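What follows is a set of notes on a single structure, which appears directly below.
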Number of protein chains: 2
Amino acid sequence: MDTRSAADLSIDDVRAAARRLNGIAHRTPVLTSATLDARAGGRIFLKCENFQRMGAFKFRGAYNRLVQLNEAQRRGGVVAFSSGNHAQGVALAAKLLGIPAAIIMPEDAPKSKIAATEGYGAEVILYDRYRSHREEIAQGLCDERGAIMVPPFNDREIIAGAGTAALELLEEVPDLDNVLTPVGGGGLLSGSCLAAHGTNPAIAMYGVEPEAGNDAQQSLQKGEIVHIGVPRTIADGLQTQAPGSLTFPIMREHVREIVTVRDDELKDAMRFAFERMKLVMEPSGAASLAAVLSGKIPVSGKRTGIVISGGNVDLERFTSLLAS
Amino acid sequence: MDTRSAADLSIDDVRAAARRLNGIAHRTPVLTSATLDARAGGRIFLKCENFQRMGAFKFRGAYNRLVQLNEAQRRGGVVAFSSGNHAQGVALAAKLLGIPAAIIMPEDAPKSKIAATEGYGAEVILYDRYRSHREEIAQGLCDERGAIMVPPFNDREIIAGAGTAALELLEEVPDLDNVLTPVGGGGLLSGSCLAAHGTNPAIAMYGVEPEAGNDAQQSLQKGEIVHIGVPRTIADGLQTQAPGSLTFPIMREHVREIVTVRDDELKDAMRFAFERMKLVMEPSGAASLAAVLSGKIPVSGKRTGIVISGGNVDLERFTSLLAS
């Protein structure tokens with residue numbers, strides 16, 4: 001576990017991550033829609049990390065972490081716990097780097113995510129998310145195997161890697177008023193804060209959480225990390241119970257506001273993305289769009305960049321979510 | 001009706017169209033997928049015209065045609081007949097240019113396409129595609145109103161405009177061995193031929209038709225335009241009965257082969273695009289991908305550009321097609 005504070009993390013760390021990811025991660029497209037702009041009353045720029053390798057931004061942080069392991073560390077392998085996309089990100093990064101990976105996943109994770117993780121050659125270990133503590137299972141494996149634990153968000157290199165998506169967005173569209181990302185543990189949002197405020201401190205940074213799992217919103221309001229029960233939401237990538245010791249202080253320093261969206265707003269956004277933009281977004285990945293479409297963020301007359309964090313949802317789940 | 005031959009059409013016409021479309025049409029992204037490359041055994045580059053304005057490449061040709069009308073012609077308005085995307089393309093181009101538009105559409109066209117066409121402010125006139133001749137209805141309206149008919153493919157400016165997608169693809173990925181597009185009336189394929197062979201005559205040009213509607217394949221094999229009955233296929237954008245007098249000679253000169261795909265192969269491609277690439281493709285739009293995935297084109301070890309022609313399919317139709 002990295003014991004340094006978050007205070008010295010900066011856009012330089014994000015830029016260093018971007019150099020490591022150059023030619024490895026996809027430079028994902030920034031898409032726009034006249035229909036969306038008309039509905040929002042402002043210009044919206046979608047940074048489409050659903051097109052990232054393994055289907056979500058998580059590859060960026062995982063690779064940035066794993067590529068910095070030395071030879072001895074690589075031989076011991078890596079262990080990760082994840083509700084889905086972090087698992088695939090670590091599995092793919094490990095595969096590309098020739099590192100053995102064991103992934104601890106909740107047994108109710110989407111089948112497509114479990115299958116994809118196994119497809120990348122990782123060993124998958126399932127657990128009951130309402131009964132067991134994944135951290136303890138992961139730690140046990142590390143002790144037993146001499147492996148290194150790769151946390152999903154509370155890690156300097158994971159945060160810096162996640163920030164590279166916003167860095168690319170701002171390189172392509174420099175004059176943004178707002179930047180908006182989903183918030184699980186806060187890795188994506190805090191990394192985006194470093195990238196955006198390292199470029200232009202005037203950008204208003206927003207986070208979006210599921211209404212049922214507003215641990216980051218509560219934490220920022222209270223000024224300290226608040227723990228909640230396992231959120232029950234369709235946004236399976238945002239079911240965190242608390243922001244991290246590294247991500248929280250960064251969010252506290254940089255974030256203007258955390259807003260929440262209901263599951264039905266996530267579904268509406270998924271349908272809009274499908275029909276009007278031809279984009280497949282998983283529920284968590286649609287959080288930023290849902291916040292814009294439901295008017296939770298002041299975007300009128302502004303230029304707003306939103307990170308679409310992932311698209312890993314199989315067709316059957318997508319269909320059943322949008323039919324209900 | 002343009003009575004000039006196709007013989008003098010060249011990449012210069014496509015480049016002129018590209019200048020007219022600059023800043024008006026989206027420069028759509030070219031996407032890749034490691035999973036797709038592994039399955040194809042070669043590098044595949046998807047030119048994503050499903051992200052084009054109104055959701056398909058058709059906007060390019062329609063705008064290129066309409067922007068060249070003079071003031072008197074614009075006042076008379078335009079008339080178009082279309083199974084869907086050409087309708088929306090003409091409607092949107094007309095709206096942007098302030099030209100009245102009447103669109104003749106088959107009454108069994110997808111509802112989303114009818115609604116979208118009306119949404120762009122066009123007057124929609126429905127007809128029975130198995131009983132009436134849309135050309136006659138359109139001609140009647142032109143005579144009555146003094147409007148100009150905008151044909152869906154057999155027009156020099158429509159062809160040149162359609163070719164701008166392949167022009168952009170080759171600007172971004174110059175060293176392609178193959179270029180592959182769907183074939184309805186042949187506007188997209190013939191325009192792509194002009195763009196590709198005007199850049200590099202060694203590129204192998206392929207077209208993809210639905211098996212049930214292989215009028216272009218039959219025509220090229222016979223060396224003359226062959227008319228067929230209305231094809232019954234899920235690819236509602238490719239239900240043409242014959243290639244055009246302008247598109248056929250261009251295809252005859254430039255195309256290596258027309259291959260066909262079955263409806264189930266189109267569905268498999270739509271699912272692959274959804275789950276593995278996070279892309280929504282309509283059945284016609286998935287034709288090129290279906291040809292690659294089903295092994296109809298020799299792509300192994302090659303670099304192949306494929307045009308994804310459109311993504312206009314509503315969620316209910318998409319779901320019911322892929323459930324069956």
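The chains in the structure tokens are called A, B, ... from first to last as shown; in each chain the residues are counted from 1, and the ligands are counted from 1 in the order shown.
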Original post:
In stretch 91-275 of chain B, what's strand (DSSP E or B) per DSSP? Answer as a PyMOL selection string?
Top reply: chain B and resi 101-106+123-127+148-149+178-182+204-210+255-261
Dump of C-alpha atoms for the selected residues, as a PDB file, in the first residue's frame:
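Dumped everything to part.pdb:
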ATOM      1  CA  ALA B 101     -38.478  19.309 -48.444  1.00  0.00           C
ATOM      2  CA  ALA B 102     -41.106  16.632 -49.165  1.00  0.00           C
ATOM      3  CA  ILE B 103     -40.007  13.037 -48.513  1.00  0.00           C
ATOM      4  CA  ILE B 104     -41.728   9.958 -49.920  1.00  0.00           C
ATOM      5  CA  MET B 105     -41.188   6.986 -47.622  1.00  0.00           C
ATOM      6  CA  PRO B 106     -42.440   3.388 -47.599  1.00  0.00           C
ATOM      7  CA  GLU B 123     -43.212  16.821 -45.069  1.00  0.00           C
ATOM      8  CA  VAL B 124     -43.445  12.984 -45.104  1.00  0.00           C
ATOM      9  CA  ILE B 125     -45.635  11.194 -47.682  1.00  0.00           C
ATOM     10  CA  LEU B 126     -46.045   7.436 -47.091  1.00  0.00           C
ATOM     11  CA  TYR B 127     -46.599   4.790 -49.807  1.00  0.00           C
ATOM     12  CA  ILE B 148     -36.284  19.322 -57.643  1.00  0.00           C
ATOM     13  CA  MET B 149     -36.006  15.584 -57.178  1.00  0.00           C
ATOM     14  CA  ASN B 178      -8.891  -3.257 -49.092  1.00  0.00           C
ATOM     15  CA  VAL B 179     -11.884  -0.952 -48.779  1.00  0.00           C
ATOM     16  CA  LEU B 180     -15.303  -2.392 -48.180  1.00  0.00           C
ATOM     17  CA  THR B 181     -18.737  -0.728 -48.173  1.00  0.00           C
ATOM     18  CA  PRO B 182     -22.356  -1.847 -48.225  1.00  0.00           C
ATOM     19  CA  ALA B 204      -9.038  -3.756 -53.691  1.00  0.00           C
ATOM     20  CA  MET B 205     -12.607  -2.409 -53.584  1.00  0.00           C
ATOM     21  CA  TYR B 206     -15.374  -4.666 -52.306  1.00  0.00           C
ATOM     22  CA  GLY B 207     -19.111  -4.230 -51.963  1.00  0.00           C
ATOM     23  CA  VAL B 208     -21.467  -6.113 -49.636  1.00  0.00           C
ATOM     24  CA  GLU B 209     -25.112  -6.814 -50.417  1.00  0.00           C
ATOM     25  CA  PRO B 210     -27.803  -8.738 -48.586  1.00  0.00           C
ATOM     26  CA  VAL B 255     -14.872  -3.064 -57.917  1.00  0.00           C
ATOM     27  CA  ARG B 256     -13.018  -6.339 -57.435  1.00  0.00           C
ATOM     28  CA  GLU B 257     -15.998  -8.257 -56.106  1.00  0.00           C
ATOM     29  CA  ILE B 258     -19.458  -7.927 -54.613  1.00  0.00           C
ATOM     30  CA  VAL B 259     -20.096 -10.419 -51.819  1.00  0.00           C
ATOM     31  CA  THR B 260     -23.364 -11.183 -50.039  1.00  0.00           C
ATOM     32  CA  VAL B 261     -24.304 -11.681 -46.402  1.00  0.00           C
TER      33      VAL B 261
END
Subject >> 9 Å contact set for A:Ile228, only C-alpha atoms, chain neighbours under 6 positions out, as an NGL selection string >> reply: :A and (213-215 or 240-242)
**OP:** Compute the set of chain A residues within 10 Å of chain B, using only C-alpha atoms, and express it as a PyMOL selection string.
**Re:** chain A and resi 26+28-35+48+50-55+112+271-282+310-316+318-320+322-323
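Among the candidates B:Leu66, B:Leu46, B:Leu321, B:Val299, the residue lying nearest to B:Gly285 is B:Leu46 (atoms considered: only C-alpha atoms).
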**OP:** Excluding A:Leu69 and residues on its chain fewer than 5 positions from it, collect all residues at most 12 Å away from it, counting only C-alpha atoms, and give them as JSON, numbers by chain.
**Re:** {"A": [62, 63, 64, 74, 75, 76, 77, 78, 93, 94, 97, 98, 99, 147, 148, 149, 150, 157]}
Original post:
In Å, with one decimal, what is the gap from atom CA of B:Ile158 to atom CA of B:Ala216?
Top reply: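 Computed distance, atom CA of B:Ile158 to atom CA of B:Ala216, equals 18.0 Å.
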Subject >> DSSP helix (DSSP H, G or I) selection over stretch 79-248 of chain A, as an MDAnalysis selection string >> reply: chainID A and resid 85:97 111:119 134:145 156:162 164:172 187:199 211:213 215:222 236:238 247:248
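Minimum distance to A:Ile137 across A:Ile159, A:Ala91, A:Ala80, A:Ala18 (counting only C-alpha atoms) occurs at A:Ala80.
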